[in-house]
>>> print(open('run-v2.pdb').read())   # PDB, C-alpha atoms and all ligand atoms
ATOM      1  CA  MET A   1       0.006 -17.332  17.112  1.00  0.00           C
ATOM      2  CA  GLY A   2       2.675 -16.527  19.765  1.00  0.00           C
ATOM      3  CA  ARG A   3       6.374 -16.283  19.045  1.00  0.00           C
ATOM      4  CA  SER A   4       6.662 -19.493  17.069  1.00  0.00           C
ATOM      5  CA  ARG A   5       8.401 -19.606  13.712  1.00  0.00           C
ATOM      6  CA  ILE A   6       5.930 -18.712  11.047  1.00  0.00           C
ATOM      7  CA  SER A   7       5.178 -20.752   7.944  1.00  0.00           C
ATOM      8  CA  TYR A   8       3.797 -19.541   4.628  1.00  0.00           C
ATOM      9  CA  GLU A   9       0.445 -21.218   5.443  1.00  0.00           C
ATOM     10  CA  SER A  10       0.124 -19.503   8.795  1.00  0.00           C
ATOM     11  CA  THR A  11       0.757 -16.031   7.299  1.00  0.00           C
ATOM     12  CA  ARG A  12      -2.692 -16.490   5.722  1.00  0.00           C
ATOM     13  CA  ARG A  13      -4.245 -16.449   9.190  1.00  0.00           C
ATOM     14  CA  LEU A  14      -2.700 -13.050  10.037  1.00  0.00           C
ATOM     15  CA  GLU A  15      -5.789 -11.246   8.781  1.00  0.00           C
ATOM     16  CA  ALA A  16      -5.561  -8.247  11.129  1.00  0.00           C
ATOM     17  CA  THR A  17      -1.911  -7.800  10.148  1.00  0.00           C
ATOM     18  CA  GLU A  18      -2.859  -7.857   6.479  1.00  0.00           C
ATOM     19  CA  ARG A  19      -5.541  -5.233   7.035  1.00  0.00           C
ATOM     20  CA  ALA A  20      -3.022  -3.009   8.876  1.00  0.00           C
ATOM     21  CA  TRP A  21      -0.506  -3.504   6.009  1.00  0.00           C
ATOM     22  CA  LYS A  22      -3.078  -2.496   3.402  1.00  0.00           C
ATOM     23  CA  GLU A  23      -4.186   0.506   5.439  1.00  0.00           C
ATOM     24  CA  THR A  24      -0.566   1.627   5.859  1.00  0.00           C
ATOM     25  CA  LEU A  25      -0.017   1.395   2.095  1.00  0.00           C
ATOM     26  CA  ARG A  26      -3.278   3.261   1.495  1.00  0.00           C
ATOM     27  CA  LEU A  27      -2.318   6.199   3.715  1.00  0.00           C
ATOM     28  CA  LEU A  28       1.441   6.145   3.032  1.00  0.00           C
ATOM     29  CA  PRO A  29       1.886   4.683  -0.461  1.00  0.00           C
ATOM     30  CA  VAL A  30       5.354   4.007  -1.876  1.00  0.00           C
ATOM     31  CA  THR A  31       4.384   4.902  -5.441  1.00  0.00           C
ATOM     32  CA  GLY A  32       2.964   8.368  -6.167  1.00  0.00           C
ATOM     33  CA  VAL A  33       1.939   7.885  -9.793  1.00  0.00           C
ATOM     34  CA  VAL A  34       1.093   5.036 -12.144  1.00  0.00           C
ATOM     35  CA  PRO A  35       1.812   6.140 -15.741  1.00  0.00           C
ATOM     36  CA  ARG A  36       0.225   4.745 -18.911  1.00  0.00           C
ATOM     37  CA  TYR A  37       0.344   5.574 -22.626  1.00  0.00           C
ATOM     38  CA  ALA A  38      -3.011   5.503 -24.386  1.00  0.00           C
ATOM     39  CA  LEU A  39      -2.742   2.985 -27.237  1.00  0.00           C
ATOM     40  CA  ARG A  40      -5.848   4.376 -28.947  1.00  0.00           C
ATOM     41  CA  ASP A  41      -8.275   7.253 -28.552  1.00  0.00           C
ATOM     42  CA  VAL A  42     -10.299   6.600 -25.430  1.00  0.00           C
ATOM     43  CA  ARG A  43     -12.901   8.355 -23.282  1.00  0.00           C
ATOM     44  CA  LEU A  44     -12.241   8.240 -19.540  1.00  0.00           C
ATOM     45  CA  GLY A  45     -15.171   9.761 -17.664  1.00  0.00           C
ATOM     46  CA  LYS A  46     -15.407  13.356 -18.876  1.00  0.00           C
ATOM     47  CA  TRP A  47     -11.956  13.251 -20.516  1.00  0.00           C
ATOM     48  CA  GLN A  48     -11.264  12.441 -24.155  1.00  0.00           C
ATOM     49  CA  ILE A  49      -7.712  11.046 -24.323  1.00  0.00           C
ATOM     50  CA  PRO A  50      -5.937  10.885 -27.713  1.00  0.00           C
ATOM     51  CA  ALA A  51      -3.803   7.901 -28.780  1.00  0.00           C
ATOM     52  CA  GLY A  52      -0.180   8.380 -27.679  1.00  0.00           C
ATOM     53  CA  ALA A  53      -0.991  10.616 -24.701  1.00  0.00           C
ATOM     54  CA  LEU A  54       0.863   9.925 -21.456  1.00  0.00           C
ATOM     55  CA  VAL A  55      -1.611   9.675 -18.584  1.00  0.00           C
ATOM     56  CA  TYR A  56      -0.693   9.628 -14.903  1.00  0.00           C
ATOM     57  CA  SER A  57      -2.963   8.099 -12.265  1.00  0.00           C
ATOM     58  CA  ILE A  58      -2.257  10.034  -9.083  1.00  0.00           C
ATOM     59  CA  VAL A  59      -2.112   7.255  -6.493  1.00  0.00           C
ATOM     60  CA  PRO A  60      -2.599   9.223  -3.215  1.00  0.00           C
ATOM     61  CA  THR A  61      -5.625  11.013  -4.696  1.00  0.00           C
ATOM     62  CA  ALA A  62      -7.340   7.683  -5.413  1.00  0.00           C
ATOM     63  CA  LEU A  63      -6.319   6.314  -2.017  1.00  0.00           C
ATOM     64  CA  ARG A  64      -7.838   9.264  -0.115  1.00  0.00           C
ATOM     65  CA  SER A  65     -10.874   9.972  -2.255  1.00  0.00           C
ATOM     66  CA  ARG A  66     -13.894  10.998  -0.134  1.00  0.00           C
ATOM     67  CA  GLU A  67     -16.111   9.584  -2.826  1.00  0.00           C
ATOM     68  CA  TRP A  68     -14.975   6.004  -2.150  1.00  0.00           C
ATOM     69  CA  TRP A  69     -13.371   5.719   1.301  1.00  0.00           C
ATOM     70  CA  THR A  70     -15.108   6.275   4.635  1.00  0.00           C
ATOM     71  CA  ASP A  71     -13.344   9.017   6.630  1.00  0.00           C
ATOM     72  CA  PRO A  72     -10.285   8.633   4.318  1.00  0.00           C
ATOM     73  CA  THR A  73      -7.629  10.316   6.482  1.00  0.00           C
ATOM     74  CA  ARG A  74      -8.347   8.010   9.442  1.00  0.00           C
ATOM     75  CA  PHE A  75      -6.190   4.892  10.028  1.00  0.00           C
ATOM     76  CA  ASP A  76      -8.945   2.279   9.910  1.00  0.00           C
ATOM     77  CA  PRO A  77      -7.694  -1.196   8.880  1.00  0.00           C
ATOM     78  CA  ASP A  78     -11.190  -2.674   9.163  1.00  0.00           C
ATOM     79  CA  ARG A  79     -12.226  -0.886   5.982  1.00  0.00           C
ATOM     80  CA  PHE A  80     -10.517  -3.920   4.336  1.00  0.00           C
ATOM     81  CA  SER A  81     -12.650  -6.468   6.220  1.00  0.00           C
ATOM     82  CA  GLU A  82     -14.842  -8.874   4.245  1.00  0.00           C
ATOM     83  CA  GLU A  83     -17.946  -7.020   5.450  1.00  0.00           C
ATOM     84  CA  ARG A  84     -16.791  -3.553   4.345  1.00  0.00           C
ATOM     85  CA  ALA A  85     -14.295  -4.302   1.525  1.00  0.00           C
ATOM     86  CA  GLU A  86     -13.986  -0.625   0.581  1.00  0.00           C
ATOM     87  CA  ASP A  87     -11.006  -1.438  -1.652  1.00  0.00           C
ATOM     88  CA  ARG A  88     -13.167  -3.634  -3.868  1.00  0.00           C
ATOM     89  CA  LYS A  89     -15.748  -0.980  -4.699  1.00  0.00           C
ATOM     90  CA  HIS A  90     -13.815  -0.137  -7.869  1.00  0.00           C
ATOM     91  CA  LYS A  91     -10.884  -1.946  -9.502  1.00  0.00           C
ATOM     92  CA  GLY A  92      -8.926   1.277 -10.034  1.00  0.00           C
ATOM     93  CA  LEU A  93      -9.220   2.367  -6.421  1.00  0.00           C
ATOM     94  CA  PHE A  94      -6.666   0.499  -4.313  1.00  0.00           C
ATOM     95  CA  LEU A  95      -3.520   1.452  -6.218  1.00  0.00           C
ATOM     96  CA  PRO A  96      -0.408   0.906  -4.024  1.00  0.00           C
ATOM     97  CA  PHE A  97       0.579  -1.909  -6.399  1.00  0.00           C
ATOM     98  CA  GLY A  98      -0.862  -0.354  -9.541  1.00  0.00           C
ATOM     99  CA  SER A  99      -3.640  -1.973 -11.508  1.00  0.00           C
ATOM    100  CA  GLY A 100      -4.388  -3.965 -14.640  1.00  0.00           C
ATOM    101  CA  ALA A 101      -2.012  -5.917 -16.904  1.00  0.00           C
ATOM    102  CA  HIS A 102       1.110  -4.242 -15.473  1.00  0.00           C
ATOM    103  CA  ALA A 103       0.175  -4.336 -11.805  1.00  0.00           C
ATOM    104  CA  CYS A 104       3.060  -5.266  -9.496  1.00  0.00           C
ATOM    105  CA  ILE A 105       4.012  -8.922  -9.856  1.00  0.00           C
ATOM    106  CA  GLY A 106       5.571  -8.806  -6.362  1.00  0.00           C
ATOM    107  CA  MET A 107       2.372  -7.737  -4.585  1.00  0.00           C
ATOM    108  CA  HIS A 108       1.661 -11.088  -2.941  1.00  0.00           C
ATOM    109  CA  LEU A 109       5.319 -11.781  -2.122  1.00  0.00           C
ATOM    110  CA  ALA A 110       5.703  -8.321  -0.551  1.00  0.00           C
ATOM    111  CA  THR A 111       2.528  -8.877   1.486  1.00  0.00           C
ATOM    112  CA  VAL A 112       3.649 -12.291   2.784  1.00  0.00           C
ATOM    113  CA  GLU A 113       7.095 -10.883   3.634  1.00  0.00           C
ATOM    114  CA  ALA A 114       5.620  -7.899   5.436  1.00  0.00           C
ATOM    115  CA  LYS A 115       3.246 -10.089   7.465  1.00  0.00           C
ATOM    116  CA  ALA A 116       6.043 -12.518   8.439  1.00  0.00           C
ATOM    117  CA  LEU A 117       8.386  -9.655   9.363  1.00  0.00           C
ATOM    118  CA  TRP A 118       5.762  -7.762  11.382  1.00  0.00           C
ATOM    119  CA  HIS A 119       4.797 -10.976  13.155  1.00  0.00           C
ATOM    120  CA  ALA A 120       8.439 -11.658  14.084  1.00  0.00           C
ATOM    121  CA  MET A 121       9.046  -8.088  15.245  1.00  0.00           C
ATOM    122  CA  LEU A 122       5.776  -7.352  17.008  1.00  0.00           C
ATOM    123  CA  THR A 123       5.774 -10.573  19.020  1.00  0.00           C
ATOM    124  CA  ARG A 124       9.339  -9.944  20.251  1.00  0.00           C
ATOM    125  CA  CYS A 125       9.866  -6.200  20.408  1.00  0.00           C
ATOM    126  CA  ARG A 126       8.245  -2.976  21.492  1.00  0.00           C
ATOM    127  CA  PHE A 127       8.829   0.101  19.325  1.00  0.00           C
ATOM    128  CA  GLY A 128       8.924   3.777  20.198  1.00  0.00           C
ATOM    129  CA  LEU A 129      10.556   7.030  19.203  1.00  0.00           C
ATOM    130  CA  GLU A 130      13.276   8.578  21.352  1.00  0.00           C
ATOM    131  CA  ARG A 131      11.345  11.869  21.490  1.00  0.00           C
ATOM    132  CA  ASP A 132       8.051  13.394  20.371  1.00  0.00           C
ATOM    133  CA  TYR A 133       8.213  13.619  16.626  1.00  0.00           C
ATOM    134  CA  ARG A 134       5.639  14.230  13.929  1.00  0.00           C
ATOM    135  CA  ALA A 135       6.687  12.226  10.874  1.00  0.00           C
ATOM    136  CA  ARG A 136       5.900  13.441   7.371  1.00  0.00           C
ATOM    137  CA  HIS A 137       5.258  11.282   4.349  1.00  0.00           C
ATOM    138  CA  THR A 138       6.885  12.572   1.189  1.00  0.00           C
ATOM    139  CA  TYR A 139       7.905  11.391  -2.280  1.00  0.00           C
ATOM    140  CA  ALA A 140      11.648  11.430  -2.993  1.00  0.00           C
ATOM    141  CA  PRO A 141      10.773  10.174  -5.637  1.00  0.00           C
ATOM    142  CA  LEU A 142       9.319   7.088  -3.922  1.00  0.00           C
ATOM    143  CA  GLY A 143       7.244   7.415  -0.772  1.00  0.00           C
ATOM    144  CA  VAL A 144       9.273   7.714   2.419  1.00  0.00           C
ATOM    145  CA  VAL A 145       8.475   8.751   5.966  1.00  0.00           C
ATOM    146  CA  SER A 146      10.802  11.511   7.135  1.00  0.00           C
ATOM    147  CA  GLY A 147      13.049  10.137   9.835  1.00  0.00           C
ATOM    148  CA  ASP A 148      15.260  12.584  11.712  1.00  0.00           C
ATOM    149  CA  VAL A 149      14.621  10.681  14.908  1.00  0.00           C
ATOM    150  CA  LYS A 150      15.900   7.470  16.468  1.00  0.00           C
ATOM    151  CA  LEU A 151      13.685   4.407  16.636  1.00  0.00           C
ATOM    152  CA  VAL A 152      13.919   2.700  20.033  1.00  0.00           C
ATOM    153  CA  VAL A 153      13.487  -1.083  19.858  1.00  0.00           C
ATOM    154  CA  GLU A 154      13.125  -3.004  23.142  1.00  0.00           C
ATOM    155  CA  ARG A 155      12.974  -6.752  23.456  1.00  0.00           C
ATOM    156  CA  VAL A 156       9.871  -7.917  25.334  1.00  0.00           C
TER     157      VAL A 156
HETATM  158  C1  LIG A 201       5.668  -2.877  -0.829  1.00  0.00           C
HETATM  159  C2  LIG A 201       6.269  -3.437  -1.867  1.00  0.00           C
HETATM  160  C3  LIG A 201       5.968  -3.059  -3.314  1.00  0.00           C
HETATM  161  C4  LIG A 201       5.230  -2.012  -3.814  1.00  0.00           C
HETATM  162  C5  LIG A 201       4.476  -0.920  -3.044  1.00  0.00           C
HETATM  163  C6  LIG A 201       5.272  -2.131  -5.272  1.00  0.00           C
HETATM  164  C7  LIG A 201       4.623  -1.262  -6.142  1.00  0.00           C
HETATM  165  C8  LIG A 201       4.622  -1.399  -7.526  1.00  0.00           C
HETATM  166  C9  LIG A 201       3.897  -0.536  -8.444  1.00  0.00           C
HETATM  167  C10 LIG A 201       3.026   0.651  -8.050  1.00  0.00           C
HETATM  168  C11 LIG A 201       4.129  -0.979  -9.685  1.00  0.00           C
HETATM  169  C12 LIG A 201       3.565  -0.379 -11.002  1.00  0.00           C
HETATM  170  C13 LIG A 201       2.261  -1.083 -11.319  1.00  0.00           C
HETATM  171  C14 LIG A 201       1.501  -0.493 -12.485  1.00  0.00           C
HETATM  172  O1  LIG A 201       2.081   0.168 -13.346  1.00  0.00           O
HETATM  173  O2  LIG A 201       0.246  -0.699 -12.518  1.00  0.00           O
HETATM  174  C15 LIG A 201       5.001  -2.137  -9.599  1.00  0.00           C
HETATM  175  C16 LIG A 201       5.446  -2.882 -10.669  1.00  0.00           C
HETATM  176  C17 LIG A 201       6.293  -3.955 -10.556  1.00  0.00           C
HETATM  177  N1  LIG A 201       6.747  -4.542  -9.394  1.00  0.00           N
HETATM  178 FE1  LIG A 201       6.353  -3.933  -7.525  1.00  0.00          FE
HETATM  179  N2  LIG A 201       6.017  -3.236  -5.611  1.00  0.00           N
HETATM  180  C18 LIG A 201       6.452  -3.833  -4.447  1.00  0.00           C
HETATM  181  C19 LIG A 201       7.194  -4.991  -4.345  1.00  0.00           C
HETATM  182  C20 LIG A 201       7.662  -5.735  -5.412  1.00  0.00           C
HETATM  183  C21 LIG A 201       8.385  -6.979  -5.294  1.00  0.00           C
HETATM  184  C22 LIG A 201       8.720  -7.670  -3.957  1.00  0.00           C
HETATM  185  C23 LIG A 201       8.679  -7.376  -6.565  1.00  0.00           C
HETATM  186  C24 LIG A 201       9.402  -8.585  -7.073  1.00  0.00           C
HETATM  187  C25 LIG A 201       9.669  -9.656  -6.330  1.00  0.00           C
HETATM  188  C26 LIG A 201       8.105  -6.393  -7.483  1.00  0.00           C
HETATM  189  C27 LIG A 201       8.185  -6.450  -8.866  1.00  0.00           C
HETATM  190  C28 LIG A 201       7.545  -5.591  -9.732  1.00  0.00           C
HETATM  191  C29 LIG A 201       7.628  -5.690 -11.202  1.00  0.00           C
HETATM  192  C30 LIG A 201       8.437  -6.707 -12.019  1.00  0.00           C
HETATM  193  C31 LIG A 201       6.823  -4.669 -11.722  1.00  0.00           C
HETATM  194  C32 LIG A 201       6.546  -4.343 -13.204  1.00  0.00           C
HETATM  195  C33 LIG A 201       5.270  -5.073 -13.654  1.00  0.00           C
HETATM  196  C34 LIG A 201       4.924  -4.747 -15.103  1.00  0.00           C
HETATM  197  O3  LIG A 201       5.256  -3.660 -15.607  1.00  0.00           O
HETATM  198  O4  LIG A 201       4.263  -5.601 -15.754  1.00  0.00           O
HETATM  199  N3  LIG A 201       7.502  -5.418  -6.737  1.00  0.00           N
HETATM  200  N4  LIG A 201       5.274  -2.380  -8.252  1.00  0.00           N
END
>>> encode(input="run-v2.pdb", output="structure tokens")
Amino acid sequence: MGRSRISYESTRRLEATERAWKETLRLLPVTGVVPRYALRDVRLGKWQIPAGALVYSIVPTALRSREWWTDPTRFDPDRFSEERAEDRKHKGLFLPFGSGAHACIGMHLATVEAKALWHAMLTRCRFGLERDYRARHTYAPLGVVSGDVKLVVERV
């Protein structure tokens, strides 16, 4: 797609970028928990949950579950390809934007913005760190990557 200005329609063709975006959110999610109140008594797997209970879905646990993801700690964007579609094995599995009636309404906008921004940056710039640095992902309270290091951006 080169360095041309990008339109909304052409962001749809950035399939590899979308897979990398999803895989980044899977491994380094912004939201750590998705809370819900039970409106009525409900059984969830082996758990009996009473009406009124506050239940937290632990997002990183679902996103790294060995039961559902192949080699879950590996950065592997192709797990989101049409052929593998690991995220679609269960509707409560890919949780960076939550799930159900209150799932993030900005999910598609955020994805289009991220693809357009990455396209603009990656076709014009090269990125590196000024020194060897092992980043950590932490919740404070939203997910952030620790950053006591300078990012070096070079125009290419
Ligand atoms: C990477 C970017 C974003 C992430 C990771 C994110 C994540 C989330 C999560 C986890 C929830 C809770 C969903 C649930 O309870 O099931 C949420 C809700 C929400 N998000 Fe986002 N979000 C992002 C961008 C945006 C943007 C760009 C907008 C608006 C333009 C937006 C608007 C909302 C709103 C209004 C809700 C509440 C929905 C409801 O309770 O019905 N988000 N988001």
>>> residues_near_ligand(input="run-v2.pdb", ligand="ligand LIG 201 (chain A)", cutoff="6 Å", atoms="all atoms listed in the file", output="list of chain:residue names")
A:Val30, A:Thr31, A:Val34, A:Pro96, A:Phe97, A:Gly98, A:Ser99, A:His102, A:Ala103, A:Cys104, A:Ile105, A:Gly106, A:Met107, A:Leu109, A:Ala110
>>> residues_around(input="run-v2.pdb", residues="A:Ile6", least_positions_apart="2", cutoff="12 Å", atoms="all atoms listed in the file", output="number ranges by chain")
A: 1-4, 8-14, 112-113, 115-121, 123
>>> atom_distance(input="run-v2.pdb", atom1="atom CA of A:Phe75", atom2="atom CA of A:Leu63")
12.1 Å
>>> resolve_selection(input="run-v2.pdb", expression="the PyMOL selection byres (((chain A and resi 27) around 9) and not hetatm)", output="compact mmCIF listing (two decimals) with C-alpha atoms, in the frame of the given file")
# COMPACT_ATOMS: atom_id res chain seq x y z
CA LYS A 22 -3.08 -2.50 3.40
CA GLU A 23 -4.19 0.51 5.44
CA THR A 24 -0.57 1.63 5.86
CA LEU A 25 -0.02 1.40 2.10
CA ARG A 26 -3.28 3.26 1.50
CA LEU A 28 1.44 6.14 3.03
CA PRO A 29 1.89 4.68 -0.46
CA PRO A 60 -2.60 9.22 -3.22
CA LEU A 63 -6.32 6.31 -2.02
CA ARG A 64 -7.84 9.26 -0.12
CA PRO A 72 -10.28 8.63 4.32
CA THR A 73 -7.63 10.32 6.48
CA ARG A 74 -8.35 8.01 9.44
CA PHE A 75 -6.19 4.89 10.03
>>> resolve_selection(input="run-v2.pdb", expression="the PyMOL selection byres (((chain A and resi 149) around 9) and not hetatm)", output="ChimeraX atom specification")
/A:129-133,146-148,150-151
>>> residues_around(input="run-v2.pdb", residues="A:Val55", least_positions_apart="4", cutoff="10 Å", atoms="all atoms listed in the file", output="list of chain:residue names")
A:Val33, A:Val34, A:Pro35, A:Arg36, A:Tyr37, A:Ala38, A:Ile49
>>> closest_residue(input="run-v2.pdb", among="A:Leu54, A:Ala16, A:Ala140, A:Val156", to="A:Asp76", atoms="all atoms listed in the file")
A:Ala16
>>> decode(input="run-v2.pdb", residues="stretch 67-99 of chain A", atoms="N, CA and C atoms", output="short mmCIF file (atom, residue, chain, number, x, y, z; two decimals), in the first residue's frame")
data_model
loop_
_atom_site.label_atom_id
_atom_site.label_comp_id
_atom_site.auth_asym_id
_atom_site.auth_seq_id
_atom_site.Cartn_x
_atom_site.Cartn_y
_atom_site.Cartn_z
N GLU A 67 -5.91 -23.68 27.52
CA GLU A 67 -7.01 -24.52 27.05
C GLU A 67 -7.49 -24.06 25.66
N TRP A 68 -7.34 -22.77 25.36
CA TRP A 68 -7.95 -22.23 24.14
C TRP A 68 -6.95 -21.71 23.13
N TRP A 69 -5.78 -21.20 23.60
CA TRP A 69 -4.84 -20.58 22.66
C TRP A 69 -3.65 -21.51 22.44
N THR A 70 -3.17 -21.58 21.21
CA THR A 70 -1.97 -22.36 20.91
C THR A 70 -0.75 -21.59 21.38
N ASP A 71 0.10 -22.24 22.19
CA ASP A 71 1.34 -21.61 22.66
C ASP A 71 1.07 -20.15 23.09
N PRO A 72 0.25 -19.95 24.14
CA PRO A 72 -0.35 -18.63 24.43
C PRO A 72 0.63 -17.50 24.74
N THR A 73 1.85 -17.79 25.17
CA THR A 73 2.75 -16.67 25.50
C THR A 73 3.52 -16.19 24.26
N ARG A 74 3.38 -16.91 23.15
CA ARG A 74 4.10 -16.53 21.92
C ARG A 74 3.34 -15.45 21.15
N PHE A 75 4.07 -14.45 20.61
CA PHE A 75 3.46 -13.44 19.74
C PHE A 75 3.24 -14.09 18.37
N ASP A 76 2.00 -14.37 18.06
CA ASP A 76 1.68 -15.15 16.86
C ASP A 76 0.40 -14.59 16.22
N PRO A 77 0.52 -13.46 15.48
CA PRO A 77 -0.67 -12.81 14.93
C PRO A 77 -1.52 -13.72 14.06
N ASP A 78 -0.92 -14.75 13.46
CA ASP A 78 -1.69 -15.59 12.55
C ASP A 78 -2.71 -16.48 13.26
N ARG A 79 -2.70 -16.47 14.59
CA ARG A 79 -3.76 -17.21 15.29
C ARG A 79 -5.13 -16.56 15.01
N PHE A 80 -5.10 -15.29 14.49
CA PHE A 80 -6.35 -14.59 14.16
C PHE A 80 -6.72 -14.73 12.68
N SER A 81 -5.96 -15.55 11.94
CA SER A 81 -6.28 -15.72 10.51
C SER A 81 -7.62 -16.43 10.36
N GLU A 82 -8.20 -16.32 9.17
CA GLU A 82 -9.48 -16.99 8.90
C GLU A 82 -9.38 -18.49 9.14
N GLU A 83 -8.21 -19.07 8.75
CA GLU A 83 -8.06 -20.52 8.87
C GLU A 83 -8.03 -20.96 10.34
N ARG A 84 -7.32 -20.18 11.19
CA ARG A 84 -7.17 -20.62 12.58
C ARG A 84 -8.23 -20.02 13.50
N ALA A 85 -8.51 -18.75 13.37
CA ALA A 85 -9.57 -18.05 14.14
C ALA A 85 -9.67 -18.52 15.59
N GLU A 86 -8.56 -18.53 16.30
CA GLU A 86 -8.58 -19.02 17.69
C GLU A 86 -9.48 -18.16 18.57
N ASP A 87 -9.61 -16.87 18.22
CA ASP A 87 -10.42 -15.97 19.04
C ASP A 87 -11.91 -16.28 18.94
N ARG A 88 -12.30 -17.02 17.91
CA ARG A 88 -13.73 -17.28 17.73
C ARG A 88 -14.16 -18.64 18.27
N LYS A 89 -13.23 -19.30 19.01
CA LYS A 89 -13.60 -20.62 19.53
C LYS A 89 -14.65 -20.50 20.63
N HIS A 90 -14.70 -19.33 21.27
CA HIS A 90 -15.63 -19.12 22.38
C HIS A 90 -15.88 -17.62 22.48
N LYS A 91 -17.14 -17.22 22.67
CA LYS A 91 -17.43 -15.77 22.61
C LYS A 91 -16.93 -15.01 23.83
N GLY A 92 -16.57 -15.71 24.89
CA GLY A 92 -16.04 -15.03 26.07
C GLY A 92 -14.53 -15.09 26.15
N LEU A 93 -13.88 -15.35 25.02
CA LEU A 93 -12.44 -15.63 25.06
C LEU A 93 -11.59 -14.42 24.72
N PHE A 94 -11.93 -13.71 23.66
CA PHE A 94 -11.10 -12.57 23.24
C PHE A 94 -11.70 -11.32 23.89
N LEU A 95 -11.14 -10.94 25.06
CA LEU A 95 -11.79 -9.96 25.91
C LEU A 95 -11.15 -8.57 25.98
N PRO A 96 -10.23 -8.16 25.12
CA PRO A 96 -9.65 -6.82 25.30
C PRO A 96 -10.70 -5.72 25.27
N PHE A 97 -11.82 -5.96 24.56
CA PHE A 97 -12.89 -4.96 24.50
C PHE A 97 -14.12 -5.43 25.26
N GLY A 98 -13.96 -6.36 26.17
CA GLY A 98 -15.10 -6.88 26.91
C GLY A 98 -15.93 -7.80 26.04
N SER A 99 -17.17 -8.03 26.49
CA SER A 99 -18.01 -8.97 25.76
C SER A 99 -19.48 -8.73 26.11
#
